[in-house]
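Here is the structure we will look at, set down as structure tokens.
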Amino acid sequence: MLAVTLNELRFEYDIHSLVKAFYPAETVKVFKEGTKDLASDGDNPEISVDFEADRIRIRVDGQEEETLLSRPEEKNVVKNELKQLLYRMLSAKTGKLLPWGSLTGIRPAKIAMQHLEEGKSREEILSYMEETYFCSREKAELALGIACREREILKDIHYEKGYSLYVGIPFCPTTCLYCSFTSFPISAWRARVEEYLTAMEKEMDFVREAFRDKVLDSVYIGGGTPTTLEPDQLERLLSRLRNTFDFSQVKEFTVEAGRADSITADKLRVLKKYGVTRISVNPQTMNQKTLDLIGRRATVEQVKEAFSLARREGFDNINMDLILGLPGEDIPEVSHTMEEIRKLSPDSLTVHSLAVKKASRMMQWIEKNGLELLHNTEETVQLAARTAAEMNLHPYYLYRQKNMTGNLENVGYAREGCYGLYNILIMEEKQSIMAIGAGTISKAVHPDGRIERCENVKELPLYLEKIDEMIERKRRLLGLEA
């Protein structure tokens with residue numbers, strides 16, 4: 001355990017994230033001094049942060065440094081100067097340089113985008129990210145390159161006059177070792193799927209009326225695994241969506257087919273019938289030993305067969321998801337996966353760095369086996385990036401997560417014209433996204449730039465019971481009268 005004491009509770013999340021990045025194997029506790037009787041154990045340093053009116057003082061194992069605040073009245077300036085000092089001290093203590101430096105936020109490309117919109121030059125933006133966050137030049141260039149591509153992709157999006165729709169299907173064949181998303185085993189809930197669809201239809205009707213004067217730009221059906229639904233249930237869902245919303249200006253209609261063991265020709269034909277333009281067939285790895293360990297029942301051969309079946313059914317925009325840093329996977333295993341992916345030649349590829357979530361079974365696995373078998377490194381990330389480039393797939397969106405192994409990133413790569421529009425919109429937060437279904441989160445982007453969210457309950461029985469309350473939450477989010 002590693003203890004961090006503060007003289008007042010400020011920027012706890014940022015401090016925790018940065019300390020955790022340097023000490024990924026440790027449990028980090030951040031608290032106000034005097035409120036808990038905790039101390040760092042083992043070889044971990046004692047860290048304290050003192051906030052004063054015009055300065056911040058940090059001690060790491062008795063080594064003390066301070067920074068005078070350039071603009072103490074501005075929260076973002078104080079946060080950056082705090083993180084700069086903490087980063088320098090932890091870097092000196094550990095001998096580590098983090099690829100993203102002190103940057104702990106999940107949207108690095110958004111920073112570059114803001115500076116692009118202010119008219120800054122390429123070199124000004126790169127220098128800012130290096131000097132403010134200590135990002136490596138390589139990561140700063142990645143963020144800037146993606147921001148430039150995003151700006152071109154989004155040029156025809158209706159921001160204030162439009163919205164996007166997310167539909168959550170919280171059923172899966174099994175729950176994977178690393179997963180923390182809302183999901184329920186389809187075998188136990190099959191009898192209530194129709195009831196779930198009925199509840200979602202009530203949400204659909206509300207969203208249609210609330211946004212009747214807005215343009216629908218993109219629709220994304222995720223999960224869970226949407227293709228755990230039977231063909232007739234998919235037909236019900238997609239026909240209802242089509243009959244409820246105006247799809248005339250929808251630029252992208254995505255369904256996560258996801259698990260290969262849930263994909264059949266009949267289901268793919270239903271997706272095709274209702275105009276789905278983009279699907280995902282997600283192996284996460286092409287190493288059978290790892291698939292068995294993480295609980296994905298589909299074999300490598302089933303993944304290949306499902307992908308080929310989707311091609312035969314006419315899908316010309318297929319994404320595949322991979323996770324780097326899965327247990328026991330290093331350069332040889334990642335290299336094998338990338339070669340197998342190259343043979344399939346997907347239209348887009350999303351490469352995730354494993355993020356260890358408290359709600360996942362991965363946490364228990366780590367407690368038993370340790371972090372030593374999780375090898376997410378800059379070398380594996382670059383291997384995936386090189387293979388994507390060789391397949392003519394370009395990086396187009398980027399995000400980071402808390403507790404991400406290697407302090408690295410998730411990157412989406414795609415061919416020209418096959419970029420995942422919804423993925424960019426959810427990251428850039430420039431358009432309202434209405435989400436329906438258990439465990440989903442709606443996001444309202446107001447004309448003044450404010451962003452507000454509301455959540456649907458995660459537990460399926462509670463969602464079914466309280467569907468009217470879920471609709472009322474959206475009503476309040478949008479400031480509509482009952």
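Quick note on naming: the chains in the structure tokens go A, B, ... in the order shown, residues restart at 1 in each chain, and ligands are numbered from 1 in order of appearance.
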Report task. Please provide the set of residues having any atom within 12 Å of Asn76 in chain A, restricted to only C-alpha atoms, with same-chain residues fewer than 6 positions apart removed, written as a PyMOL selection string. Result -> chain A and resi 10-11+14+69-70+82-83+132
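All residues in range 123-211 of chain A with a DSSP state of strand (DSSP E or B), computed from the backbone, read Gly162, Tyr163, Ser164, Leu165, Tyr166, Val167, Gly168, Ile169, Phe171, Cys172, Phe184 and Pro185 of chain A.
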Restricting the output to N, CA and C atoms, write the selected residues as a short mmCIF file (atom, residue, chain, number, x, y, z; two decimals), in the first residue's frame.
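Saved file selection_13.cif follows:
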```cif
data_model
loop_
_atom_site.label_atom_id
_atom_site.label_comp_id
_atom_site.auth_asym_id
_atom_site.auth_seq_id
_atom_site.Cartn_x
_atom_site.Cartn_y
_atom_site.Cartn_z
N GLY A 162 -28.11 18.40 -33.98
CA GLY A 162 -28.17 16.95 -34.15
C GLY A 162 -27.92 16.20 -32.86
N TYR A 163 -27.96 14.89 -32.95
CA TYR A 163 -27.67 14.02 -31.81
C TYR A 163 -27.34 12.63 -32.34
N SER A 164 -26.80 11.79 -31.44
CA SER A 164 -26.55 10.39 -31.75
C SER A 164 -27.27 9.52 -30.74
N LEU A 165 -27.47 8.27 -31.09
CA LEU A 165 -28.24 7.35 -30.27
C LEU A 165 -27.42 6.11 -29.95
N TYR A 166 -27.38 5.75 -28.66
CA TYR A 166 -26.74 4.52 -28.23
C TYR A 166 -27.80 3.59 -27.66
N VAL A 167 -27.78 2.33 -28.08
CA VAL A 167 -28.72 1.33 -27.61
C VAL A 167 -27.93 0.22 -26.93
N GLY A 168 -28.17 0.00 -25.64
CA GLY A 168 -27.41 -0.98 -24.88
C GLY A 168 -28.13 -2.31 -24.73
N ILE A 169 -27.48 -3.38 -25.17
CA ILE A 169 -28.01 -4.74 -25.00
C ILE A 169 -27.11 -5.45 -23.99
N PHE A 171 -26.62 -8.28 -22.56
CA PHE A 171 -26.54 -9.74 -22.45
C PHE A 171 -25.26 -10.24 -23.13
N CYS A 172 -24.65 -11.27 -22.55
CA CYS A 172 -23.46 -11.88 -23.13
C CYS A 172 -23.54 -13.39 -22.98
N PHE A 184 -25.22 -9.45 -18.49
CA PHE A 184 -25.90 -10.54 -17.81
C PHE A 184 -25.85 -11.77 -18.70
N PRO A 185 -25.63 -12.96 -18.15
CA PRO A 185 -25.57 -14.16 -18.99
C PRO A 185 -26.90 -14.42 -19.67
#
```
**Report entry** Å distance separating CA of Asn376 in chain A from CA of Ala389 in chain A, one decimal place
**Finding:** 19.7 Å
Query raised in the report: Any idea what's packed within 8 Å of range 93-109 of chain A, counting only C-alpha atoms, ignoring anything in its chain fewer than 5 positions away? Could you give it as a ChimeraX atom specification?
Result: /A:14,17-18,21-22,83-84,87,133-136,139,143-144,146-147,397-402,407-408,427-428
Put those residues in a file: C-alpha atoms, as a PDB file, in the first residue's frame.
```pdb
ATOM      1  CA  ASP A  14      -5.490  13.421 -10.459  1.00  0.00           C
ATOM      2  CA  SER A  17      -4.004   8.505 -11.096  1.00  0.00           C
ATOM      3  CA  LEU A  18      -0.503   9.923 -11.434  1.00  0.00           C
ATOM      4  CA  ALA A  21       0.900   5.295 -13.035  1.00  0.00           C
ATOM      5  CA  PHE A  22       4.319   5.186 -11.369  1.00  0.00           C
ATOM      6  CA  LYS A  83       0.959  17.477 -11.520  1.00  0.00           C
ATOM      7  CA  GLN A  84       4.161  18.843 -13.057  1.00  0.00           C
ATOM      8  CA  TYR A  87       5.602  14.045 -11.905  1.00  0.00           C
ATOM      9  CA  TYR A 133       2.353  17.533 -19.653  1.00  0.00           C
ATOM     10  CA  PHE A 134       5.865  16.139 -20.346  1.00  0.00           C
ATOM     11  CA  CYS A 135       4.374  13.962 -23.111  1.00  0.00           C
ATOM     12  CA  SER A 136       6.875  12.228 -25.332  1.00  0.00           C
ATOM     13  CA  LYS A 139       2.570  10.598 -28.102  1.00  0.00           C
ATOM     14  CA  ALA A 143      -2.718  13.023 -30.391  1.00  0.00           C
ATOM     15  CA  LEU A 144      -2.264  15.861 -32.875  1.00  0.00           C
ATOM     16  CA  ILE A 146      -5.706  12.066 -34.664  1.00  0.00           C
ATOM     17  CA  ALA A 147      -7.155  15.495 -33.855  1.00  0.00           C
ATOM     18  CA  TYR A 397      -9.492   8.097 -32.419  1.00  0.00           C
ATOM     19  CA  LEU A 398      -7.761   7.840 -29.098  1.00  0.00           C
ATOM     20  CA  TYR A 399      -8.669   7.536 -25.463  1.00  0.00           C
ATOM     21  CA  ARG A 400      -7.116   6.481 -22.199  1.00  0.00           C
ATOM     22  CA  GLN A 401      -8.522   4.831 -19.079  1.00  0.00           C
ATOM     23  CA  LYS A 402      -7.792   4.693 -15.389  1.00  0.00           C
ATOM     24  CA  ASN A 407       0.160   3.917 -18.813  1.00  0.00           C
ATOM     25  CA  LEU A 408      -0.546   3.689 -22.539  1.00  0.00           C
ATOM     26  CA  MET A 427     -14.751  11.075 -27.073  1.00  0.00           C
ATOM     27  CA  GLU A 428     -14.897  14.634 -28.394  1.00  0.00           C
TER      28      GLU A 428
END
```
Query - 6 Å contact set for Ile441 in chain A, only C-alpha atoms, chain neighbours under 5 positions out, as number ranges by chain - result: A: 435, 454-455
Report task. For Glu201 in chain A, please output as a PyMOL selection string all residues within 10 Å (counting only C-alpha atoms; exclusion window: fewer than 2 positions along the same chain). Result -> chain A and resi 195-199+203-207+237+240-241+244+436-437
Atoms kept (C-alpha atoms) for selection, written as a PDB file, in the first residue's frame:
```
ATOM      1  CA  GLU A 195     -39.688  -7.557 -21.553  1.00  0.00           C
ATOM      2  CA  TYR A 196     -36.381  -5.728 -21.867  1.00  0.00           C
ATOM      3  CA  LEU A 197     -37.124  -4.763 -25.468  1.00  0.00           C
ATOM      4  CA  THR A 198     -40.518  -3.428 -24.401  1.00  0.00           C
ATOM      5  CA  ALA A 199     -38.902  -1.224 -21.762  1.00  0.00           C
ATOM      6  CA  GLU A 203     -37.292   5.063 -23.958  1.00  0.00           C
ATOM      7  CA  MET A 204     -37.185   5.189 -27.761  1.00  0.00           C
ATOM      8  CA  ASP A 205     -40.535   6.939 -27.866  1.00  0.00           C
ATOM      9  CA  PHE A 206     -39.386   9.565 -25.376  1.00  0.00           C
ATOM     10  CA  VAL A 207     -36.129  10.262 -27.228  1.00  0.00           C
ATOM     11  CA  LEU A 237     -35.367  -4.186 -32.196  1.00  0.00           C
ATOM     12  CA  ARG A 240     -38.735  -0.584 -34.115  1.00  0.00           C
ATOM     13  CA  LEU A 241     -35.701   1.683 -34.319  1.00  0.00           C
ATOM     14  CA  THR A 244     -39.360   5.281 -34.531  1.00  0.00           C
ATOM     15  CA  ILE A 436     -31.218   3.749 -23.850  1.00  0.00           C
ATOM     16  CA  GLY A 437     -31.021   0.473 -21.967  1.00  0.00           C
TER      17      GLY A 437
END
```
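Ranking A:Val219, A:Cys418, A:Leu480, A:Leu460 by their shortest atom-to-atom distance to Phe253 in chain A, with only C-alpha atoms included, puts A:Val219 first.
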Query raised in the report: Do you know which residues are at most 10 Å from Lys304 in chain A counting only C-alpha atoms, after dropping those on the same chain fewer than 6 positions away, and could you put them as a PyMOL selection string?
Result: chain A and resi 260+281+283+286+340-341+343-344
